[in-house]
file final_31.txt (compact mmCIF, C-alpha atoms)
# COMPACT_ATOMS: atom_id res chain seq x y z
CA MET A 1 119.64 180.04 84.29
CA ASP A 2 123.32 180.04 85.22
CA ILE A 3 125.01 180.44 81.84
CA TYR A 4 128.37 179.60 83.42
CA SER A 5 127.30 176.18 84.70
CA THR A 6 128.82 173.09 83.12
CA ARG A 7 125.49 171.89 81.76
CA ALA A 8 124.65 175.26 80.22
CA GLN A 9 128.07 175.47 78.57
CA LEU A 10 127.75 171.86 77.37
CA ALA A 11 124.60 172.78 75.50
CA ALA A 12 126.38 175.69 73.81
CA ILE A 13 129.47 173.66 72.90
CA GLU A 14 127.48 170.82 71.36
CA VAL A 15 125.95 173.16 68.76
CA MET A 16 129.25 174.81 67.85
CA PRO A 17 130.55 173.74 64.41
CA ARG A 18 133.71 171.63 64.54
CA GLU A 19 136.78 172.57 62.51
CA TYR A 20 138.57 169.29 61.88
CA PRO A 21 141.57 169.38 59.51
CA PHE A 22 141.12 167.80 56.09
CA LEU A 23 142.89 164.51 56.79
CA HIS A 24 140.32 163.84 59.51
CA ASP A 25 137.43 164.75 57.22
CA ALA A 26 138.85 162.68 54.37
CA PHE A 27 139.76 159.45 56.15
CA ALA A 28 138.27 159.36 59.68
CA LYS A 29 134.82 159.25 61.21
CA ASP A 30 133.39 160.15 64.60
CA ALA A 31 132.71 156.81 66.32
CA GLY A 32 131.00 158.41 69.34
CA THR A 33 131.57 158.31 73.08
CA VAL A 34 132.55 155.35 75.23
CA GLU A 35 131.47 154.84 78.85
CA ASP A 36 134.46 152.70 79.84
CA ASP A 37 137.94 154.07 80.42
CA LYS A 38 139.22 152.09 77.42
CA ALA A 39 137.87 151.71 73.92
CA ILE A 40 137.20 148.12 72.84
CA TYR A 41 137.60 147.66 69.12
CA ASP A 42 138.01 144.98 66.47
CA TYR A 43 141.48 145.07 64.98
CA ARG A 44 141.67 143.68 61.47
CA LYS A 45 144.30 143.16 58.81
CA GLY A 46 143.02 142.44 55.36
CA ASP A 47 143.20 138.85 54.19
CA ARG A 48 141.30 136.75 51.69
CA PRO A 49 141.48 133.06 52.60
CA MET A 50 140.07 130.51 50.18
CA ALA A 51 137.58 127.86 51.20
CA PRO A 52 139.17 124.43 51.77
CA ILE A 53 138.76 121.53 49.36
CA VAL A 54 137.50 118.39 51.11
CA THR A 55 137.02 114.73 50.25
CA GLU A 56 133.54 113.98 48.95
CA ASN A 57 131.14 112.73 51.65
CA ALA A 58 133.69 113.57 54.33
CA GLY A 59 131.87 116.59 55.71
CA GLY A 60 133.32 120.09 55.98
CA ILE A 61 136.48 121.70 57.29
CA VAL A 62 136.20 124.39 59.95
CA MET A 63 137.53 127.75 58.80
CA GLN A 64 139.07 129.81 61.55
CA ARG A 65 137.75 133.32 61.94
CA THR A 66 141.06 134.90 61.14
CA GLY A 67 141.54 138.49 60.16
CA TYR A 68 140.51 140.32 63.32
CA GLN A 69 141.19 140.46 67.04
CA THR A 70 139.39 142.28 69.82
CA ARG A 71 141.72 144.82 71.42
CA GLU A 72 141.51 147.79 73.74
CA ILE A 73 143.22 151.15 73.90
CA GLY A 74 143.22 153.98 76.40
CA PHE A 75 142.28 157.60 75.87
CA CYS A 76 144.52 160.62 76.06
CA THR A 77 143.31 163.75 77.85
CA ILE A 78 143.29 167.11 76.06
CA ALA A 79 142.55 170.03 78.38
CA PRO A 80 143.35 173.56 77.17
CA GLU A 81 142.58 176.44 79.55
CA ARG A 82 142.14 180.17 79.21
CA VAL A 83 142.41 182.62 82.11
CA ILE A 84 140.28 185.75 82.47
CA GLU A 85 141.84 188.32 84.81
CA ASN A 86 140.71 191.73 85.94
CA ASN A 87 142.92 193.45 83.35
CA ASP A 88 141.14 191.54 80.57
CA LEU A 89 137.88 193.24 81.52
CA LYS A 90 139.19 196.78 81.75
CA GLY A 91 138.94 199.21 78.86
CA ARG A 92 137.75 198.55 75.34
CA ALA A 93 138.33 195.13 73.83
CA PHE A 94 139.53 194.57 70.25
CA GLY A 95 136.71 195.38 67.82
CA GLU A 96 134.53 196.92 70.51
CA LYS A 97 132.74 200.21 69.83
CA VAL A 98 134.51 203.33 71.08
CA LEU A 99 131.23 204.81 72.28
CA GLY A 100 128.68 202.78 74.20
CA ALA A 101 131.24 200.19 75.24
CA MET A 102 130.26 197.02 77.06
CA THR A 103 130.25 196.57 80.82
CA PRO A 104 132.93 194.29 82.35
CA GLU A 105 130.27 191.60 82.83
CA GLN A 106 129.24 191.76 79.16
CA ARG A 107 132.88 191.78 78.11
CA GLU A 108 133.53 188.65 80.16
CA LYS A 109 130.68 186.75 78.47
CA LYS A 110 131.98 187.71 75.05
CA LEU A 111 135.53 186.75 76.02
CA LEU A 112 134.31 183.37 77.31
CA ALA A 113 132.52 182.62 74.04
CA ARG A 114 135.60 183.54 72.00
CA ASP A 115 137.90 181.48 74.23
CA GLN A 116 135.65 178.44 73.97
CA LYS A 117 135.56 178.66 70.19
CA GLU A 118 139.34 178.94 69.97
CA MET A 119 139.98 176.13 72.46
CA LEU A 120 137.52 173.87 70.63
CA ALA A 121 139.37 174.55 67.37
CA ALA A 122 142.68 173.75 69.13
CA ILE A 123 141.25 170.41 70.32
CA ASP A 124 140.13 169.63 66.77
CA ARG A 125 143.64 170.38 65.49
CA ARG A 126 145.12 167.99 68.05
CA ILE A 127 142.69 165.24 67.01
CA GLY A 128 143.57 165.97 63.39
CA TRP A 129 147.24 165.57 64.30
CA MET A 130 146.47 162.19 65.88
CA VAL A 131 144.68 161.11 62.70
CA ARG A 132 147.66 162.29 60.64
CA GLN A 133 150.06 160.27 62.79
CA VAL A 134 148.06 157.04 62.44
CA LEU A 135 147.68 157.53 58.68
CA LEU A 136 151.37 158.18 58.03
CA THR A 137 152.93 155.75 60.52
CA GLY A 138 150.26 153.28 61.61
CA LYS A 139 151.10 154.25 65.20
CA LEU A 140 149.65 156.47 67.89
CA GLU A 141 152.27 157.87 70.26
CA LEU A 142 151.30 160.70 72.58
CA PHE A 143 153.23 162.75 75.11
CA ARG A 144 151.65 164.31 78.16
CA TYR A 145 152.06 167.88 79.35
CA THR A 146 152.28 168.61 83.08
CA ASN A 147 152.60 171.91 84.92
CA GLU A 148 156.37 171.47 84.72
CA GLY A 149 156.43 170.73 81.00
CA ARG A 150 156.34 167.76 78.69
CA ASP A 151 156.97 164.22 79.91
CA LEU A 152 160.05 162.55 78.48
CA GLN A 153 158.25 159.27 77.75
CA PRO A 154 155.08 158.68 75.72
CA THR A 155 151.99 158.10 77.84
CA LEU A 156 149.98 156.33 75.15
CA HIS A 157 151.55 154.11 72.53
CA ALA A 158 149.78 151.88 70.03
CA ASP A 159 151.41 150.14 67.09
CA TYR A 160 148.72 148.92 64.71
CA GLY A 161 151.12 146.94 62.54
CA PHE A 162 150.75 149.08 59.43
CA THR A 163 152.83 147.70 56.52
CA ASN A 164 151.31 149.23 53.36
CA ASN A 165 154.28 151.45 52.54
CA TYR A 166 155.44 151.80 48.94
CA THR A 167 158.60 153.27 47.42
CA PRO A 168 159.06 153.25 43.62
CA ALA A 169 162.27 152.07 41.98
CA THR A 170 162.67 155.54 40.42
CA ASP A 171 161.49 158.79 41.98
CA TRP A 172 158.64 160.42 40.09
CA ASP A 173 160.64 163.53 39.27
CA GLN A 174 163.45 161.53 37.64
CA ASN A 175 163.89 160.24 34.10
CA GLY A 176 162.62 156.71 33.71
CA ALA A 177 159.90 157.06 36.35
CA THR A 178 157.05 154.57 35.91
CA ILE A 179 154.24 156.55 37.52
CA ALA A 180 151.33 154.60 36.02
CA TYR A 181 152.87 151.30 37.11
CA ASP A 182 153.59 152.63 40.59
CA MET A 183 150.01 153.90 40.93
CA GLU A 184 148.73 150.43 40.10
CA LYS A 185 151.00 148.86 42.72
CA ILE A 186 149.81 151.34 45.34
CA PHE A 187 146.19 150.53 44.51
CA ASP A 188 146.96 146.81 44.63
CA LEU A 189 148.33 147.15 48.17
CA VAL A 190 145.03 148.63 49.29
CA TYR A 191 142.78 146.26 47.34
CA GLU A 192 144.66 143.19 48.58
CA GLY A 193 144.22 144.49 52.11
CA GLY A 194 140.46 144.63 51.72
CA GLY A 195 140.24 148.38 51.20
CA ALA A 196 139.36 150.70 48.33
CA VAL A 197 140.96 153.82 46.86
CA THR A 198 138.55 156.69 46.27
CA LYS A 199 140.95 159.57 46.96
CA ILE A 200 144.63 160.37 46.99
CA VAL A 201 146.06 163.19 49.08
CA MET A 202 149.60 164.24 48.19
CA ALA A 203 152.22 166.83 49.01
CA PRO A 204 152.41 169.73 46.54
CA ASP A 205 155.81 168.61 45.23
CA VAL A 206 154.34 165.22 44.28
CA TRP A 207 151.71 166.93 42.15
CA ASN A 208 154.41 169.05 40.55
CA ALA A 209 156.21 165.85 39.52
CA LEU A 210 152.97 164.38 38.12
CA ARG A 211 152.03 167.34 35.96
CA ASN A 212 155.55 167.54 34.58
CA ASP A 213 155.34 163.95 33.39
CA GLU A 214 153.79 164.15 29.91
CA LYS A 215 153.19 160.41 29.68
CA TRP A 216 151.17 160.29 32.89
CA MET A 217 149.30 163.50 32.15
CA LYS A 218 147.85 161.91 29.02
CA THR A 219 145.92 159.55 31.31
CA PHE A 220 144.68 162.35 33.56
CA ASP A 221 140.99 163.19 33.42
CA ILE A 222 140.68 166.52 31.57
CA ARG A 223 137.22 167.55 32.78
CA ARG A 224 138.81 170.55 34.47
CA ALA A 225 141.13 171.39 31.59
CA GLU A 226 140.41 174.35 29.32
CA MET A 227 142.46 175.49 26.32
CA GLY A 228 145.35 173.27 27.37
CA ASN A 229 145.48 174.65 30.93
CA LEU A 230 144.68 172.49 33.94
CA GLU A 231 142.32 174.37 36.26
CA THR A 232 142.60 173.11 39.82
CA LYS A 233 140.28 174.36 42.54
CA TYR A 234 141.50 175.77 45.85
CA LYS A 235 139.31 174.63 48.76
CA GLY A 236 140.96 176.65 51.54
CA GLN A 237 143.20 175.59 54.47
CA GLY A 238 145.93 174.49 52.09
CA LEU A 239 143.70 172.04 50.20
CA ARG A 240 143.48 171.97 46.41
CA PHE A 241 141.27 169.67 44.34
CA LEU A 242 143.11 168.60 41.20
CA GLY A 243 140.62 166.39 39.40
CA TYR A 244 140.37 162.65 38.73
CA ASN A 245 142.86 160.10 37.50
CA SER A 246 142.08 157.41 34.94
CA ASP A 247 140.51 155.24 37.69
CA ASN A 248 138.11 158.07 38.64
CA VAL A 249 139.94 158.61 41.94
CA GLU A 250 139.85 162.11 43.44
CA LEU A 251 143.25 163.79 43.64
CA TYR A 252 144.15 166.48 46.18
CA THR A 253 147.22 168.36 47.32
CA LEU A 254 147.55 169.45 50.93
CA SER A 255 149.98 172.19 51.93
CA GLY A 256 150.53 174.10 55.16
CA THR A 257 152.60 173.59 58.30
CA PHE A 258 152.14 173.18 62.04
CA VAL A 259 154.37 173.38 65.12
CA ASN A 260 154.87 169.94 66.65
CA ASP A 261 155.32 169.07 70.33
CA ALA A 262 159.08 169.51 70.03
CA GLY A 263 158.55 173.10 68.89
CA THR A 264 159.69 172.56 65.32
CA VAL A 265 157.72 173.29 62.14
CA GLU A 266 156.46 170.33 60.11
CA ALA A 267 154.54 170.10 56.85
CA VAL A 268 151.01 168.79 57.25
CA MET A 269 151.68 166.52 54.28
CA PRO A 270 155.37 165.56 54.30
CA SER A 271 157.35 166.28 51.16
CA GLY A 272 157.37 163.47 48.61
CA LYS A 273 154.51 161.51 50.18
CA LEU A 274 150.95 160.59 49.29
CA ILE A 275 148.13 158.74 51.05
CA ALA A 276 145.73 156.53 49.07
CA GLY A 277 142.52 155.37 50.74
CA SER A 278 138.81 156.00 51.23
CA ASP A 279 136.30 157.44 53.68
CA ASP A 280 136.01 156.23 57.27
CA ILE A 281 139.10 154.03 57.46
CA LEU A 282 139.82 155.35 60.96
CA ASN A 283 137.53 155.60 63.99
CA VAL A 284 137.78 158.42 66.53
CA PHE A 285 136.38 157.36 69.93
CA TYR A 286 135.86 159.65 72.94
CA GLY A 287 136.23 158.50 76.54
CA PRO A 288 134.41 159.73 79.67
CA VAL A 289 135.49 162.95 81.38
CA THR A 290 135.47 163.02 85.20
CA GLN A 291 135.99 166.30 87.04
CA VAL A 292 135.35 168.05 90.37
CA GLU A 293 133.30 171.23 89.99
CA LYS A 294 133.10 172.53 93.58
CA GLU A 295 135.62 173.22 96.32
CA ASP A 296 133.35 173.15 99.40
CA ALA A 297 132.01 170.22 101.44
CA SER A 298 129.57 169.35 98.64
CA ALA A 299 132.41 168.64 96.20
CA GLU A 300 132.11 165.39 94.25
CA HIS A 301 133.43 163.73 91.14
CA ILE A 302 131.08 164.08 88.18
CA THR A 303 131.49 162.00 85.03
CA TYR A 304 130.26 163.13 81.62
CA ILE A 305 129.91 160.86 78.59
CA LYS A 306 130.57 163.70 76.17
CA LYS A 307 133.12 164.51 73.48
CA VAL A 308 134.08 167.84 75.05
CA VAL A 309 133.33 168.97 78.62
CA PRO A 310 133.72 172.54 79.97
CA LEU A 311 134.78 173.56 83.46
CA ARG A 312 134.81 177.02 85.01
CA TYR A 313 136.55 177.76 88.31
CA GLY A 314 137.96 180.82 90.02
CA SER A 315 140.73 181.94 92.34
CA ILE A 316 139.84 184.54 94.96
CA GLU A 317 143.50 185.21 95.73
CA SER A 318 144.43 186.14 92.15
CA ASN A 319 141.04 187.54 91.08
CA ALA A 320 141.12 185.26 88.08
CA ILE A 321 138.74 182.79 86.45
CA LYS A 322 139.88 179.78 84.42
CA ASN A 323 137.81 178.18 81.71
CA ARG A 324 138.79 174.69 80.58
CA LEU A 325 137.65 172.33 77.87
CA THR A 326 138.45 168.63 78.30
CA SER A 327 138.27 165.95 75.63
CA ARG A 328 139.52 162.33 75.75
CA PRO A 329 139.89 161.01 72.19
CA THR A 330 141.68 158.05 70.68
CA VAL A 331 142.12 156.94 67.06
CA VAL A 332 142.01 153.34 65.80
CA PRO A 333 141.94 151.88 62.27
CA VAL A 334 138.89 150.00 61.05
CA ASN A 335 141.24 147.93 58.87
CA VAL A 336 144.93 148.67 59.11
CA ASP A 337 145.47 147.48 55.51
CA ALA A 338 142.77 149.72 54.04
CA TRP A 339 145.13 152.50 52.94
CA ALA A 340 148.66 152.94 51.63
CA VAL A 341 151.42 155.52 52.10
CA ALA A 342 153.87 156.05 49.26
CA THR A 343 157.16 157.95 49.32
CA VAL A 344 157.64 158.83 45.66
CA LEU A 345 160.25 161.63 45.81

call {"tool": "encode", "arguments": {"input": "final_31.txt", "output": "structure tokens"}}
result
Amino acid sequence: MDIYSTRAQLAAIEVMPREYPFLHDAFAKDAGTVEDDKAIYDYRKGDRPMAPIVTENAGGIVMQRTGYQTREIGFCTIAPERVIENNDLKGRAFGEKVLGAMTPEQREKKLLARDQKEMLAAIDRRIGWMVRQVLLTGKLELFRYTNEGRDLQPTLHADYGFTNNYTPATDWDQNGATIAYDMEKIFDLVYEGGGAVTKIVMAPDVWNALRNDEKWMKTFDIRRAEMGNLETKYKGQGLRFLGYNSDNVELYTLSGTFVNDAGTVEAVMPSGKLIAGSDDILNVFYGPVTQVEKEDASAEHITYIKKVVPLRYGSIESNAIKNRLTSRPTVVPVNVDAWAVATVL
């Protein structure tokens, strides 16, 4: 069996564990692959129309099926590559035994497996960034990279019409803050939009403002409190579980940073913000991947209906082999009114 073939690598990739960031795990779900080049989805904004009152014996009144529209959106293409050159196969690799070292062929197989794992994690981080963008802005705006650099204009732009933004009259770290009232208003935005609030994810400075507010802390669930000290639980990757509020909603803080496409450092959860929502409010669809895998007269375009597709090709002139992973995701809301974003500081 050719372990370097696309089909063999596909089988290996499909059993690799995915490493999605927390915002993806908390609010998005994998909606599967799509055979067409665009994802067709039902767009919905929450509304609750009442049934009409009619004159007796006059029959009924037709209610329009308002609240959703069928729309379509394209897929972006994510395609990281790693190059294996002769120099990468010479000498002992990091962590390799000093005695009884591997052959260059064995070293190449190990390097390929490591590269695939790291590229898959990089794809997951990009999808997590897309989820973050839709959650915080209600928009999906993507820039494309070419061999010459980044395009100046976005190649995929979708505005889902998100309006559930909330700003309190008084910041939560100021005297006179009405945190309990503001929480209720945030929940109302979601409930009126047809959603539910089962979890709140906030920036660390928001939590600092909450725990310094004695009035609000009296309403906080104290199941994780001992001897007057609040014991939060660190979950890794910047995530900390805080406990439950008086509505039995899970509370989390999310710290950490990433480097955006402009090369600047951003906080994963922007300072002063929180997101209130529930599971599976966003769908992540994957489009088909079409690629050419041979360079001779038998070359042809092959299409895969897979989330991630590998490709291995070489250059005789440079004695180098490139390994690529390609994924074509897009992110759409199930109901664009099913969550709220609050700027409280």

call {"tool": "residues_around", "arguments": {"input": "final_31.txt", "residues": "A:Leu345", "least_positions_apart": "2", "cutoff": "9 Å", "atoms": "only C-alpha atoms", "output": "PDB file with C-alpha atoms, in the coordinates of the input"}}
result
ATOM      1  CA  THR A 167     158.600 153.270  47.420  1.00  0.00           C
ATOM      2  CA  PRO A 168     159.060 153.250  43.620  1.00  0.00           C
ATOM      3  CA  THR A 170     162.670 155.540  40.420  1.00  0.00           C
ATOM      4  CA  ASP A 171     161.490 158.790  41.980  1.00  0.00           C
ATOM      5  CA  TRP A 172     158.640 160.420  40.090  1.00  0.00           C
ATOM      6  CA  ASP A 173     160.640 163.530  39.270  1.00  0.00           C
ATOM      7  CA  GLN A 174     163.450 161.530  37.640  1.00  0.00           C
ATOM      8  CA  ASP A 205     155.810 168.610  45.230  1.00  0.00           C
ATOM      9  CA  VAL A 206     154.340 165.220  44.280  1.00  0.00           C
ATOM     10  CA  ALA A 209     156.210 165.850  39.520  1.00  0.00           C
ATOM     11  CA  SER A 271     157.350 166.280  51.160  1.00  0.00           C
ATOM     12  CA  GLY A 272     157.370 163.470  48.610  1.00  0.00           C
ATOM     13  CA  LYS A 273     154.510 161.510  50.180  1.00  0.00           C
ATOM     14  CA  THR A 343     157.160 157.950  49.320  1.00  0.00           C
TER      15      THR A 343
END

call {"tool": "residues_around", "arguments": {"input": "final_31.txt", "residues": "A:Lys139", "least_positions_apart": "4", "cutoff": "10 Å", "atoms": "only C-alpha atoms", "output": "PyMOL selection string"}}
result
chain A and resi 130-135+157-162+331-333

call {"tool": "residues_around", "arguments": {"input": "final_31.txt", "residues": "A:Asp247", "least_positions_apart": "4", "cutoff": "10 Å", "atoms": "only C-alpha atoms", "output": "list in words"}}
result
Glu184, Val197, Thr198, Thr219, Phe220 and Asp221 of chain A

call {"tool": "closest_residue", "arguments": {"input": "final_31.txt", "among": "A:Gly277, A:Gly243, A:Pro104, A:Gly314", "to": "A:Met217", "atoms": "all atoms listed in the file"}}
result
A:Gly243

call {"tool": "atom_distance", "arguments": {"input": "final_31.txt", "atom1": "atom CA of A:Ile73", "atom2": "atom CA of A:Asp124"}}
result
20.0 Å

call {"tool": "residues_near_point", "arguments": {"input": "final_31.txt", "point": "(144.5, 172.4, 61.9)", "cutoff": "10 Å", "atoms": "all atoms listed in the file", "output": "number ranges by chain"}}
result
A: 19-24, 121-129, 237, 256-258, 268

call {"tool": "atom_distance", "arguments": {"input": "final_31.txt", "atom1": "atom CA of A:Leu210", "atom2": "atom CA of A:Asn165"}}
result
19.4 Å

call {"tool": "residues_around", "arguments": {"input": "final_31.txt", "residues": "A:Tyr313", "least_positions_apart": "5", "cutoff": "7 Å", "atoms": "only C-alpha atoms", "output": "PyMOL selection string"}}
result
chain A and resi 321-323

call {"tool": "atom_distance", "arguments": {"input": "final_31.txt", "atom1": "atom CA of A:Val265", "atom2": "atom CA of A:Gly238"}}
result
15.5 Å

call {"tool": "closest_residue", "arguments": {"input": "final_31.txt", "among": "A:Ile40, A:Ala276, A:Met102, A:Leu325", "to": "A:Tyr191", "atoms": "all atoms listed in the file"}}
result
A:Ala276
